[in-house]
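Q: My structure is below; once you've seen it, I'll send some questions.
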Amino acid sequence: SDSNSKDQNVKEMAYTELRELSSVVELTPELKNDFLTLFIMRNEAINNAKSHEEKAAVYERFGQKLLSGLSEQQAMKLKENKELYNKLTNIKYAKQ
């Protein structure tokens with residue numbers, strides 16, 4: 001069914017994002033788990049968002065959660081990688 005392929009997509013995208021994040025920032029297994037969950041939740045929220053404004057707000061909210069889950073050093077490392085940072089935190093750069 002269509003909702004199944006959507007679920008699949010949400011997970012695949014989350015795994016890809018996690019891979020990209022952990023190639024830039026060293027993450028413990030616990031953090032990887034937390035962020036995988038975070039990305040899945042965000043991608044589901046994006047699928048359910050009705051408007052572009054709503055999607056932008058979802059990205060903003062989850063971008064904050066992502067940053068608050070990182071140490072100061074990890075956050076700096078991510079921000080230095082502008083392309084990935086933007087992609088993970090800003091709808092304008094996301095692969096939607």
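Residue numbering restarts at 1 for every chain of the structure tokens, chains are lettered A, B, ... in their displayed order, and ligands are numbered from 1 as they appear.
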Name the residues in contact with Asn90 in chain A at a cut-off of 10 Å, using only C-alpha atoms, excluding same-chain residues fewer than 6 positions from it; report them as a list in words.
A: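 Once the nearby chain positions are removed, what remains is Lys55, Ala56, Ala57, Val58, Tyr59, Glu60, Arg61, Phe62, Gly63 and Leu84 of chain A.
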Q: Deliver the residues from the most recent selection as a file, using C-alpha atoms, as an mmCIF file, in the first residue's frame.
A:
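Listing of again.cif after writing:
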```cif
data_model
loop_
_atom_site.group_PDB
_atom_site.id
_atom_site.type_symbol
_atom_site.label_atom_id
_atom_site.label_comp_id
_atom_site.auth_asym_id
_atom_site.auth_seq_id
_atom_site.Cartn_x
_atom_site.Cartn_y
_atom_site.Cartn_z
ATOM 1 C CA LYS A 55 7.090 22.083 6.935
ATOM 2 C CA ALA A 56 9.511 24.942 7.562
ATOM 3 C CA ALA A 57 8.408 25.059 11.213
ATOM 4 C CA VAL A 58 8.922 21.294 11.563
ATOM 5 C CA TYR A 59 12.476 21.622 10.252
ATOM 6 C CA GLU A 60 13.144 24.531 12.575
ATOM 7 C CA ARG A 61 11.843 22.644 15.609
ATOM 8 C CA PHE A 62 13.721 19.441 14.871
ATOM 9 C CA GLY A 63 16.864 21.375 13.942
ATOM 10 C CA LEU A 84 24.996 19.184 5.738
#
```
Q: Do a neighbour search on range 10-25 of chain A at 12 Å with only C-alpha atoms, toss out local chain neighbours closer than 2 positions, and write the hits as a compact mmCIF listing (two decimals) with C-alpha atoms, in the first residue's frame.
A:
```
# COMPACT_ATOMS: atom_id res chain seq x y z
CA SER A 3 1.31 4.30 3.31
CA ASN A 4 3.77 1.42 3.53
CA SER A 5 6.04 2.88 0.90
CA LYS A 6 5.78 6.22 2.66
CA ASP A 7 6.87 4.62 5.94
CA GLN A 8 9.72 2.94 4.12
CA LEU A 27 28.27 9.74 17.62
CA THR A 28 27.86 7.15 20.35
CA PRO A 29 25.45 4.27 19.63
CA LEU A 31 23.11 9.19 20.15
CA LYS A 32 22.74 7.40 16.83
CA ASN A 33 19.59 5.80 18.17
CA ASP A 34 18.24 9.09 19.46
CA PHE A 35 18.91 10.90 16.22
CA LEU A 36 17.51 8.11 14.09
CA THR A 37 14.28 8.40 16.07
CA LEU A 38 14.42 12.17 15.76
CA PHE A 39 14.83 12.05 11.97
CA ILE A 40 12.05 9.49 11.58
CA MET A 41 9.71 11.63 13.69
CA ARG A 42 10.63 14.72 11.69
CA ASN A 43 10.14 13.02 8.34
CA GLU A 44 6.73 11.73 9.46
CA ALA A 45 5.80 15.23 10.61
CA ILE A 46 6.87 16.57 7.20
CA ASN A 47 4.64 14.02 5.47
CA ASN A 48 1.72 15.17 7.61
CA LEU A 66 19.21 18.02 16.92
CA LEU A 67 21.53 20.79 18.08
CA LEU A 70 24.91 17.51 20.46
CA SER A 71 27.77 18.70 22.63
CA GLU A 72 29.14 22.15 21.91
CA GLN A 73 32.07 20.61 20.00
CA GLN A 74 29.83 18.33 17.96
CA ALA A 75 27.50 21.21 17.13
CA MET A 76 30.45 23.32 15.99
CA LYS A 77 31.68 20.51 13.80
CA LEU A 78 28.27 20.16 12.20
CA LYS A 79 27.93 23.90 11.64
CA GLU A 80 31.35 23.97 9.97
CA ASN A 81 29.91 21.59 7.40
CA LYS A 82 27.46 24.18 6.09
CA GLU A 83 25.94 22.02 3.40
CA LEU A 84 25.00 19.18 5.74
CA TYR A 85 23.99 21.56 8.52
CA ASN A 86 21.60 23.37 6.21
CA LYS A 87 20.23 20.14 4.81
CA LEU A 88 19.44 18.80 8.27
CA THR A 89 17.98 21.98 9.74
CA ALA A 94 16.30 19.57 2.36
CA LYS A 95 15.81 16.86 -0.21
CA GLN A 96 12.04 16.81 -0.09
```
Q: In range 28-95 of chain A, what's alpha helix (DSSP H) per DSSP? Answer as an MDAnalysis selection string?
A: chainID A and resid 29:48 52:69 72:80 82:89
